[in-house]
$ cat start_10.pdb   # PDB, C-alpha atoms
ATOM      1  CA  MET A   3      64.369-162.843  33.080
ATOM      2  CA  ALA A   4      63.196-162.888  36.645
ATOM      3  CA  ARG A   5      60.202-165.097  37.261
ATOM      4  CA  GLU A   6      57.272-163.629  39.234
ATOM      5  CA  THR A   7      57.005-165.252  42.609
ATOM      6  CA  PRO A   8      53.691-165.583  44.585
ATOM      7  CA  LYS A   9      55.019-163.095  47.121
ATOM      8  CA  LEU A  10      55.283-160.459  44.512
ATOM      9  CA  ARG A  11      51.876-161.052  42.912
ATOM     10  CA  ARG A  12      49.463-158.196  43.470
ATOM     11  CA  ARG A  13      46.767-158.968  46.038
ATOM     12  CA  GLU A  14      43.496-159.878  44.352
ATOM     13  CA  ARG A  15      40.260-158.385  45.657
ATOM     14  CA  LEU A  16      37.135-160.484  45.915
ATOM     15  CA  ALA A  17      34.434-158.224  44.473
ATOM     16  CA  ILE A  18      30.806-159.294  44.981
ATOM     17  CA  ASN A  19      28.504-158.133  42.258
ATOM     18  CA  MET A  20      25.822-156.176  44.100
ATOM     19  CA  THR A  21      23.827-155.159  41.055
ATOM     20  CA  PRO A  22      21.224-158.005  41.041
ATOM     21  CA  MET A  23      20.561-157.601  44.759
ATOM     22  CA  ILE A  24      20.091-153.863  44.459
ATOM     23  CA  ASP A  25      17.773-154.433  41.494
ATOM     24  CA  VAL A  26      15.588-156.801  43.494
ATOM     25  CA  VAL A  27      15.610-154.553  46.544
ATOM     26  CA  PHE A  28      14.449-151.585  44.489
ATOM     27  CA  GLN A  29      11.732-153.692  42.862
ATOM     28  CA  LEU A  30      10.517-154.713  46.300
ATOM     29  CA  MET A  31      10.550-151.140  47.511
ATOM     30  CA  ILE A  32       8.537-149.939  44.529
ATOM     31  CA  PHE A  33       6.014-152.761  45.083
ATOM     32  CA  PHE A  34       5.528-151.843  48.735
ATOM     33  CA  MET A  35       5.275-148.151  47.907
ATOM     34  CA  LEU A  36       2.605-148.730  45.296
ATOM     35  CA  THR A  37       0.555-151.070  47.472
ATOM     36  CA  LEU A  38       0.741-148.735  50.445
ATOM     37  CA  ASN A  39      -2.760-148.096  51.658
ATOM     38  CA  ILE A  40      -3.042-146.061  54.805
ATOM     39  CA  VAL A  41      -6.320-147.031  56.449
ATOM     40  CA  ALA A  42      -7.675-144.873  59.224
ATOM     41  CA  PRO A  43      -8.820-146.951  62.208
ATOM     42  CA  GLU A  44     -12.561-147.331  62.258
ATOM     43  CA  GLY A  45     -14.874-148.935  64.769
ATOM     44  CA  ASP A  46     -18.483-149.959  65.017
ATOM     45  CA  PHE A  47     -21.389-149.399  67.324
ATOM     46  CA  ASP A  48     -23.477-152.532  67.149
ATOM     47  CA  ILE A  49     -27.205-152.140  66.936
ATOM     48  CA  ARG A  50     -29.613-155.034  66.811
ATOM     49  CA  MET A  51     -32.943-153.958  65.397
ATOM     50  CA  PRO A  52     -35.260-156.657  64.125
ATOM     51  CA  GLN A  53     -38.268-155.334  62.283
ATOM     52  CA  THR A  54     -40.667-156.579  64.938
ATOM     53  CA  LYS A  55     -39.019-154.324  67.481
ATOM     54  CA  SER A  56     -41.549-151.963  68.953
ATOM     55  CA  ALA A  57     -41.338-149.165  71.430
ATOM     56  CA  GLY A  58     -44.051-150.657  73.574
ATOM     57  CA  PRO A  59     -43.756-151.511  77.235
ATOM     58  CA  PRO A  60     -41.583-154.491  78.140
ATOM     59  CA  THR A  61     -43.323-157.851  78.272
ATOM     60  CA  ASP A  62     -41.057-159.142  80.992
ATOM     61  CA  GLU A  63     -41.889-157.693  84.405
ATOM     62  CA  LEU A  64     -38.246-157.597  85.398
ATOM     63  CA  GLN A  65     -37.245-155.810  82.228
ATOM     64  CA  LEU A  66     -36.646-152.109  82.631
ATOM     65  CA  PRO A  67     -38.505-149.688  80.378
ATOM     66  CA  PRO A  68     -36.197-148.263  77.712
ATOM     67  CA  ILE A  69     -34.592-144.896  78.319
ATOM     68  CA  ARG A  70     -35.854-142.499  75.711
ATOM     69  CA  VAL A  71     -33.393-139.912  74.488
ATOM     70  CA  ARG A  72     -34.702-137.217  72.233
ATOM     71  CA  LEU A  73     -32.410-135.157  70.022
ATOM     72  CA  ALA A  74     -34.078-132.093  68.539
ATOM     73  CA  ALA A  75     -32.594-130.229  65.579
ATOM     74  CA  ASP A  76     -32.983-126.883  63.887
ATOM     75  CA  PRO A  77     -33.747-126.763  60.134
ATOM     76  CA  ALA A  78     -29.992-126.646  59.330
ATOM     77  CA  GLY A  79     -29.426-129.930  61.135
ATOM     78  CA  ARG A  80     -27.684-128.511  64.178
ATOM     79  CA  LEU A  81     -28.503-129.878  67.600
ATOM     80  CA  LEU A  82     -31.167-127.800  69.306
ATOM     81  CA  GLY A  83     -31.656-129.733  72.511
ATOM     82  CA  ILE A  84     -31.345-133.028  74.292
ATOM     83  CA  ALA A  85     -33.999-134.588  76.479
ATOM     84  CA  MET A  86     -33.981-137.821  78.428
ATOM     85  CA  ASN A  87     -37.338-139.322  79.323
ATOM     86  CA  GLY A  88     -38.894-135.926  78.668
ATOM     87  CA  GLU A  89     -36.509-133.949  80.885
ATOM     88  CA  PRO A  90     -34.107-131.534  79.200
ATOM     89  CA  VAL A  91     -30.395-132.287  79.453
ATOM     90  CA  ALA A  92     -27.716-129.615  79.032
ATOM     91  CA  ASP A  93     -25.192-131.530  76.928
ATOM     92  CA  PHE A  94     -23.816-134.968  76.164
ATOM     93  CA  ALA A  95     -21.648-134.984  79.317
ATOM     94  CA  ALA A  96     -24.754-134.397  81.436
ATOM     95  CA  LEU A  97     -26.547-137.113  79.474
ATOM     96  CA  GLN A  98     -23.726-139.506  80.295
ATOM     97  CA  GLN A  99     -23.942-138.629  83.993
ATOM     98  CA  ARG A 100     -27.648-139.342  84.017
ATOM     99  CA  VAL A 101     -27.161-142.676  82.279
ATOM    100  CA  VAL A 102     -24.469-143.597  84.834
ATOM    101  CA  GLY A 103     -26.994-142.833  87.606
ATOM    102  CA  ILE A 104     -29.675-144.989  85.973
ATOM    103  CA  ILE A 105     -27.283-147.904  85.534
ATOM    104  CA  GLU A 106     -26.110-147.662  89.151
ATOM    105  CA  ALA A 107     -29.727-147.620  90.324
ATOM    106  CA  ALA A 108     -30.507-150.638  88.128
ATOM    107  CA  VAL A 109     -27.554-152.570  89.521
ATOM    108  CA  GLU A 110     -28.518-151.692  93.102
ATOM    109  CA  SER A 111     -32.045-152.972  92.533
ATOM    110  CA  GLY A 112     -30.725-156.341  91.395
ATOM    111  CA  GLY A 113     -30.664-155.716  87.663
ATOM    112  CA  ALA A 114     -27.738-155.652  85.323
ATOM    113  CA  ALA A 115     -26.324-152.869  83.209
ATOM    114  CA  ALA A 116     -26.785-155.080  80.160
ATOM    115  CA  ASP A 117     -30.568-155.063  80.730
ATOM    116  CA  VAL A 118     -30.868-151.316  80.282
ATOM    117  CA  GLU A 119     -32.166-150.343  76.862
ATOM    118  CA  LEU A 120     -32.064-146.982  75.187
ATOM    119  CA  GLU A 121     -34.102-145.643  72.344
ATOM    120  CA  LEU A 122     -32.956-142.681  70.277
ATOM    121  CA  ASP A 123     -35.645-140.419  68.951
ATOM    122  CA  CYS A 124     -34.016-137.967  66.550
ATOM    123  CA  ASP A 125     -35.339-135.284  64.257
ATOM    124  CA  GLU A 126     -34.914-136.363  60.650
ATOM    125  CA  GLN A 127     -32.838-133.353  59.638
ATOM    126  CA  LEU A 128     -30.369-133.771  62.507
ATOM    127  CA  ASP A 129     -26.748-134.192  61.432
ATOM    128  CA  TYR A 130     -25.720-137.798  61.932
ATOM    129  CA  ALA A 131     -22.569-136.738  63.822
ATOM    130  CA  TYR A 132     -24.739-135.746  66.806
ATOM    131  CA  VAL A 133     -26.279-139.213  66.848
ATOM    132  CA  VAL A 134     -22.814-140.742  67.073
ATOM    133  CA  GLN A 135     -21.984-138.319  69.894
ATOM    134  CA  ALA A 136     -25.122-139.388  71.753
ATOM    135  CA  ILE A 137     -24.332-143.089  71.232
ATOM    136  CA  THR A 138     -20.781-142.456  72.443
ATOM    137  CA  ALA A 139     -22.096-140.736  75.562
ATOM    138  CA  VAL A 140     -24.471-143.543  76.528
ATOM    139  CA  SER A 141     -22.580-146.626  75.394
ATOM    140  CA  GLY A 142     -19.524-146.179  77.573
ATOM    141  CA  ARG A 143     -17.047-143.913  79.228
ATOM    142  CA  VAL A 144     -13.279-143.770  79.460
ATOM    143  CA  GLU A 145     -11.753-143.735  82.919
ATOM    144  CA  ASP A 146      -7.972-143.855  83.378
ATOM    145  CA  GLY A 147      -7.595-145.009  79.800
ATOM    146  CA  ARG A 148      -9.983-147.902  80.354
ATOM    147  CA  VAL A 149     -13.346-148.169  78.600
ATOM    148  CA  ILE A 150     -16.249-148.906  80.929
ATOM    149  CA  GLU A 151     -19.183-150.206  78.938
ATOM    150  CA  MET A 152     -22.627-148.912  79.713
ATOM    151  CA  ILE A 153     -25.685-149.348  77.532
ATOM    152  CA  LYS A 154     -25.314-151.864  74.729
ATOM    153  CA  LYS A 155     -28.937-152.189  73.663
ATOM    154  CA  ILE A 156     -29.412-149.069  71.585
ATOM    155  CA  SER A 157     -32.062-148.655  68.954
ATOM    156  CA  PHE A 158     -33.736-145.939  66.940
ATOM    157  CA  ALA A 159     -37.302-145.026  67.737
ATOM    158  CA  PRO A 160     -39.738-146.113  65.033
ATOM    159  CA  ALA A 161     -40.483-143.453  62.466
ATOM    160  CA  THR A 162     -44.089-143.312  63.590
ATOM    161  CA  ALA A 163     -43.082-142.097  67.053
ATOM    162  CA  ASP A 164     -44.636-138.833  68.040
ATOM    163  CA  ALA A 165     -42.306-135.920  67.849
ATOM    164  CA  GLU A 166     -42.274-133.586  70.784
TER     165      GLU A 166
ATOM    166  CA  MET B  14      64.017-144.231  31.678
ATOM    167  CA  ALA B  15      60.268-144.140  31.120
ATOM    168  CA  VAL B  16      58.104-144.287  34.258
ATOM    169  CA  LYS B  17      55.419-146.937  33.999
ATOM    170  CA  THR B  18      52.077-145.512  35.001
ATOM    171  CA  GLY B  19      49.332-147.608  36.662
ATOM    172  CA  GLY B  20      46.104-148.668  34.965
ATOM    173  CA  PRO B  21      42.971-146.522  34.853
ATOM    174  CA  ALA B  22      41.786-145.517  38.348
ATOM    175  CA  VAL B  23      38.582-147.269  39.468
ATOM    176  CA  THR B  24      36.309-145.074  41.590
ATOM    177  CA  GLU B  25      34.564-147.285  44.117
ATOM    178  CA  VAL B  26      31.314-145.936  45.507
ATOM    179  CA  ASP B  27      30.488-147.140  48.999
ATOM    180  CA  MET B  28      27.041-148.646  48.605
ATOM    181  CA  THR B  29      26.575-149.645  52.250
ATOM    182  CA  PRO B  30      24.641-146.563  53.487
ATOM    183  CA  MET B  31      22.291-146.678  50.501
ATOM    184  CA  ILE B  32      21.542-150.362  51.010
ATOM    185  CA  ASP B  33      20.982-149.750  54.725
ATOM    186  CA  VAL B  34      18.455-147.017  54.031
ATOM    187  CA  THR B  35      16.746-149.090  51.348
ATOM    188  CA  PHE B  36      16.306-152.022  53.715
ATOM    189  CA  GLN B  37      14.930-149.683  56.359
ATOM    190  CA  LEU B  38      12.404-148.383  53.857
ATOM    191  CA  ILE B  39      11.382-151.894  52.829
ATOM    192  CA  THR B  40      10.911-152.859  56.452
ATOM    193  CA  PHE B  41       8.759-149.772  57.014
ATOM    194  CA  PHE B  42       6.558-150.469  54.001
ATOM    195  CA  MET B  43       6.196-154.112  55.003
ATOM    196  CA  PHE B  44       4.925-153.113  58.449
ATOM    197  CA  VAL B  45       2.410-150.583  57.187
ATOM    198  CA  LEU B  46       1.199-152.822  54.403
ATOM    199  CA  ASN B  47      -2.498-153.556  54.728
ATOM    200  CA  PHE B  48      -4.079-156.183  52.541
ATOM    201  CA  SER B  49      -7.528-155.815  54.092
ATOM    202  CA  GLU B  50     -10.166-154.781  51.628
ATOM    203  CA  ALA B  51     -11.874-152.271  53.846
ATOM    204  CA  GLU B  52     -14.507-150.417  51.906
ATOM    205  CA  GLN B  53     -13.501-146.866  52.458
ATOM    206  CA  ASP B  54     -14.403-143.942  50.337
ATOM    207  CA  GLU B  55     -12.929-140.504  50.699
ATOM    208  CA  ARG B  56     -16.291-138.974  49.855
ATOM    209  CA  ILE B  57     -17.549-140.170  53.236
ATOM    210  CA  GLN B  58     -16.281-138.246  56.244
ATOM    211  CA  LEU B  59     -17.147-140.438  59.175
ATOM    212  CA  PRO B  60     -18.014-138.875  62.523
ATOM    213  CA  ALA B  61     -15.347-139.484  65.148
ATOM    214  CA  SER B  62     -15.768-141.253  68.440
ATOM    215  CA  GLN B  63     -13.373-142.335  71.162
ATOM    216  CA  LEU B  64     -15.385-145.517  71.753
ATOM    217  CA  ALA B  65     -15.455-146.694  68.159
ATOM    218  CA  LYS B  66     -12.597-149.105  68.602
ATOM    219  CA  PRO B  67     -11.775-151.389  65.737
ATOM    220  CA  ALA B  68     -13.374-154.811  65.982
ATOM    221  CA  ASP B  69     -11.204-157.661  67.208
ATOM    222  CA  GLY B  70     -12.299-160.082  64.548
ATOM    223  CA  VAL B  71     -13.728-159.996  61.079
ATOM    224  CA  LEU B  72     -17.486-159.636  60.809
ATOM    225  CA  GLU B  73     -19.274-162.596  59.316
ATOM    226  CA  THR B  74     -21.007-161.699  56.054
ATOM    227  CA  PRO B  75     -20.658-157.928  56.208
ATOM    228  CA  ILE B  76     -22.653-155.731  53.864
ATOM    229  CA  THR B  77     -21.429-152.160  53.651
ATOM    230  CA  VAL B  78     -23.827-149.339  52.850
ATOM    231  CA  GLN B  79     -22.226-145.915  52.534
ATOM    232  CA  LEU B  80     -24.293-142.768  52.874
ATOM    233  CA  THR B  81     -23.012-139.457  51.556
ATOM    234  CA  ALA B  82     -23.654-136.048  53.084
ATOM    235  CA  GLU B  83     -26.066-135.289  50.238
ATOM    236  CA  GLY B  84     -28.192-138.318  51.024
ATOM    237  CA  GLY B  85     -27.023-140.647  48.253
ATOM    238  CA  VAL B  86     -26.067-144.232  48.896
ATOM    239  CA  LEU B  87     -22.712-145.387  47.554
ATOM    240  CA  TYR B  88     -23.292-148.961  46.571
ATOM    241  CA  ALA B  89     -21.237-151.073  44.190
ATOM    242  CA  GLY B  90     -19.444-148.013  42.880
ATOM    243  CA  GLU B  91     -22.448-145.886  42.047
ATOM    244  CA  ILE B  92     -24.561-143.388  43.930
ATOM    245  CA  LEU B  93     -28.190-144.359  44.322
ATOM    246  CA  PRO B  94     -31.069-142.581  46.007
ATOM    247  CA  VAL B  95     -31.766-144.078  49.435
ATOM    248  CA  GLY B  96     -35.113-145.427  48.304
ATOM    249  CA  GLN B  97     -33.559-147.550  45.558
ATOM    250  CA  ILE B  98     -31.236-149.737  47.615
ATOM    251  CA  GLY B  99     -33.962-152.243  48.479
ATOM    252  CA  ARG B 100     -33.427-154.227  45.279
ATOM    253  CA  SER B 101     -29.655-154.418  45.806
ATOM    254  CA  LEU B 102     -30.130-155.551  49.379
ATOM    255  CA  LYS B 103     -32.584-158.189  48.227
ATOM    256  CA  GLN B 104     -29.896-159.494  45.865
ATOM    257  CA  GLU B 105     -27.432-159.574  48.766
ATOM    258  CA  TRP B 106     -29.961-161.570  50.786
ATOM    259  CA  GLU B 107     -30.356-164.078  47.953
ATOM    260  CA  ILE B 108     -26.583-164.383  47.480
ATOM    261  CA  ILE B 109     -26.071-165.077  51.197
ATOM    262  CA  THR B 110     -28.879-167.625  51.176
ATOM    263  CA  ALA B 111     -27.464-169.310  48.063
ATOM    264  CA  ALA B 112     -24.102-169.571  49.823
ATOM    265  CA  GLY B 113     -25.795-171.623  52.544
ATOM    266  CA  LYS B 114     -25.467-168.942  55.218
ATOM    267  CA  ASP B 115     -28.093-167.449  57.470
ATOM    268  CA  PRO B 116     -28.810-163.918  56.186
ATOM    269  CA  THR B 117     -30.235-162.818  59.527
ATOM    270  CA  LEU B 118     -26.726-163.192  60.954
ATOM    271  CA  ALA B 119     -25.301-160.816  58.352
ATOM    272  CA  THR B 120     -24.236-157.416  59.618
ATOM    273  CA  VAL B 121     -25.097-154.295  57.671
ATOM    274  CA  ILE B 122     -22.296-151.794  58.188
ATOM    275  CA  VAL B 123     -23.626-148.264  57.850
ATOM    276  CA  ARG B 124     -20.832-145.854  56.894
ATOM    277  CA  ALA B 125     -22.645-142.556  56.986
ATOM    278  CA  ASP B 126     -21.115-139.121  56.589
ATOM    279  CA  GLY B 127     -21.251-136.999  59.736
ATOM    280  CA  ARG B 128     -23.243-134.368  57.823
ATOM    281  CA  ALA B 129     -25.829-136.811  56.527
ATOM    282  CA  ARG B 130     -29.395-136.495  57.732
ATOM    283  CA  THR B 131     -30.290-138.857  60.540
ATOM    284  CA  GLY B 132     -33.568-139.461  58.742
ATOM    285  CA  ASP B 133     -31.638-140.915  55.778
ATOM    286  CA  VAL B 134     -29.661-143.213  58.080
ATOM    287  CA  GLN B 135     -32.885-144.382  59.663
ATOM    288  CA  GLN B 136     -34.418-144.932  56.233
ATOM    289  CA  VAL B 137     -31.444-147.100  55.233
ATOM    290  CA  ILE B 138     -31.909-149.150  58.407
ATOM    291  CA  ARG B 139     -35.658-149.390  57.766
ATOM    292  CA  ILE B 140     -35.135-150.670  54.216
ATOM    293  CA  CYS B 141     -32.628-153.236  55.507
ATOM    294  CA  GLN B 142     -35.160-154.328  58.119
ATOM    295  CA  GLU B 143     -37.779-154.769  55.425
ATOM    296  CA  GLN B 144     -35.397-157.127  53.634
ATOM    297  CA  GLY B 145     -34.962-159.095  56.868
ATOM    298  CA  PHE B 146     -31.592-157.863  58.109
ATOM    299  CA  GLU B 147     -31.397-157.429  61.864
ATOM    300  CA  ARG B 148     -27.832-156.644  62.743
ATOM    301  CA  PHE B 149     -26.396-153.228  62.124
ATOM    302  CA  ALA B 150     -23.075-151.605  62.836
ATOM    303  CA  LEU B 151     -22.810-147.838  62.782
ATOM    304  CA  ARG B 152     -19.280-147.117  61.725
ATOM    305  CA  ALA B 153     -17.303-144.206  63.123
ATOM    306  CA  LEU B 154     -13.729-143.038  63.011
ATOM    307  CA  TYR B 155     -11.751-144.085  66.075
ATOM    308  CA  LYS B 156     -10.288-140.972  67.608
ATOM    309  CA  PRO B 157      -8.851-141.301  71.109
ATOM    310  CA  GLU B 158      -8.974-138.164  73.208
TER     311      GLU B 158
END
$ encode --input "start_10.pdb" --output "structure tokens"
Amino acid sequence: MARETPKLRRRERLAINMTPMIDVVFQLMIFFMLTLNIVAPEGDFDIRMPQTKSAGPPTDELQLPPIRVRLAADPAGRLLGIAMNGEPVADFAALQQRVVGIIEAAVESGGAAADVELELDCDEQLDYAYVVQAITAVSGRVEDGRVIEMIKKISFAPATADAE
Amino acid sequence: MAVKTGGPAVTEVDMTPMIDVTFQLITFFMFVLNFSEAEQDERIQLPASQLAKPADGVLETPITVQLTAEGGVLYAGEILPVGQIGRSLKQEWEIITAAGKDPTLATVIVRADGRARTGDVQQVIRICQEQGFERFALRALYKPE
């Protein structure tokens, strides 16, 4: 009987058992899928309004009087008109242009853009989205992909303010 | 002479592409994973703004008040009329004080629906002011042009 030599032995294959790894990988995938929470990016407009805040004239002589922006609404809550310091403004783009002019004038007269204050006087039934549009128009502008900040001190007019 | 046949044929499935794809998926889910507990509610459709960029850091002691289009306030999982949130805010004030923090430094995040009445938003702010809160953040959806 011929004895089997090593040369003739069939080549053995080294088989790695992949089953535990695949099990763990699938467990991980299921975990990540279940914890997936797609959050839409949100941002804030900061408003500092202590209760003692009043719409009266500034106590500091160097302080500029606040810009008063009025947003009028129809009974359905749609925007009816915009006015800045009593003068009608066509739209939010025009409002932004006017605010840019005021800030440039303030800077030329030795003030700073950060000193300019703005007070929003809105009709109660106005849709809140228009308020955010107005705040967007006055708080900054985007030029060449860069945000240029404008008015940071924004507040709501007291509820007792006279409506136009 | 009888021909000796081989053993049973073993069909080997190539697992490499499947494992590749699975690892890609895991990597994707790991990158989009968000553990932040942002209080978002699908009932609130925030107005969009290109300037509402997400804050760089985390607000200190944030209190979120969510206002629906119908004028209800979503607070602690239930909808309350705007006029009834004063008591809840007072509790928040006491909790912050008990934790040894300054409640006037707390920020009230107002997440109001774009269709909500501005008067309701102002009333929420007024009630917060009555409780002593001074800092407010009007939240909007960041939408670059």
$ atom_distance --input "start_10.pdb" --atom1 "atom CA of Gly132 of chain B" --atom2 "atom CA of Gln127 of chain A"
6.2 Å
$ resolve_selection --input "start_10.pdb" --expression "the ChimeraX specification (/B :<7) & /A" --output "mmCIF file with C-alpha atoms, in the frame of the given file"
data_model
loop_
_atom_site.group_PDB
_atom_site.id
_atom_site.type_symbol
_atom_site.label_atom_id
_atom_site.label_comp_id
_atom_site.auth_asym_id
_atom_site.auth_seq_id
_atom_site.Cartn_x
_atom_site.Cartn_y
_atom_site.Cartn_z
ATOM 1 C CA MET A 31 10.550 -151.140 47.511
ATOM 2 C CA PHE A 34 5.528 -151.843 48.735
ATOM 3 C CA MET A 35 5.275 -148.151 47.907
ATOM 4 C CA LEU A 38 0.741 -148.735 50.445
ATOM 5 C CA ASN A 39 -2.760 -148.096 51.658
ATOM 6 C CA PRO A 43 -8.820 -146.951 62.208
ATOM 7 C CA GLU A 44 -12.561 -147.331 62.258
ATOM 8 C CA GLY A 45 -14.874 -148.935 64.769
ATOM 9 C CA ASP A 46 -18.483 -149.959 65.017
ATOM 10 C CA PHE A 47 -21.389 -149.399 67.324
ATOM 11 C CA ASP A 48 -23.477 -152.532 67.149
ATOM 12 C CA ILE A 49 -27.205 -152.140 66.936
ATOM 13 C CA ARG A 50 -29.613 -155.034 66.811
ATOM 14 C CA MET A 51 -32.943 -153.958 65.397
ATOM 15 C CA PRO A 52 -35.260 -156.657 64.125
ATOM 16 C CA GLN A 53 -38.268 -155.334 62.283
ATOM 17 C CA GLU A 126 -34.914 -136.363 60.650
ATOM 18 C CA GLN A 127 -32.838 -133.353 59.638
ATOM 19 C CA LEU A 128 -30.369 -133.771 62.507
ATOM 20 C CA ASP A 129 -26.748 -134.192 61.432
ATOM 21 C CA TYR A 130 -25.720 -137.798 61.932
ATOM 22 C CA ALA A 131 -22.569 -136.738 63.822
ATOM 23 C CA VAL A 134 -22.814 -140.742 67.073
ATOM 24 C CA THR A 138 -20.781 -142.456 72.443
#
$ atom_distance --input "start_10.pdb" --atom1 "atom CA of Leu102 of chain B" --atom2 "atom CA of Thr74 of chain B"
12.9 Å
$ atom_distance --input "start_10.pdb" --atom1 "atom CA of Trp106 of chain B" --atom2 "atom CA of Gly90 of chain B"
18.9 Å
$ axis_aligned_box --input "start_10.pdb" --around "segment 101-112 of chain A" --padding-each-side "8 Å" --output "AutoDock Vina command-line options"
--center_x -28.3 --center_y -149.5 --center_z 87.7 --size_x 23.6 --size_y 29.7 --size_z 26.8
$ resolve_selection --input "start_10.pdb" --expression "the PyMOL selection byres ((chain A and resi 118) around 9)" --output "list in words"
Gln65, Leu66, Pro67, Pro68, Ile69, Ile104, Ile105, Ala108, Gly113, Ala114, Ala115, Ala116, Asp117, Glu119, Leu120, Met152, Ile153, Lys154 and Lys155 of chain A
$ resolve_selection --input "start_10.pdb" --expression "the PyMOL selection byres ((chain A and resi 143) around 12)" --output "ChimeraX atom specification"
/A:94-95,97-99,101-102,135-142,144-153 /B:62-65,157-158
$ residues_around --input "start_10.pdb" --residues "Asp123 of chain A" --least-positions-apart "3" --cutoff "12 Å" --atoms "all atoms listed in the file" --output "MDAnalysis selection string"
(chainID A and resid 57 68:75 83:88 120 126 128 133 136:137 156:166) or (chainID B and resid 131:132 135)
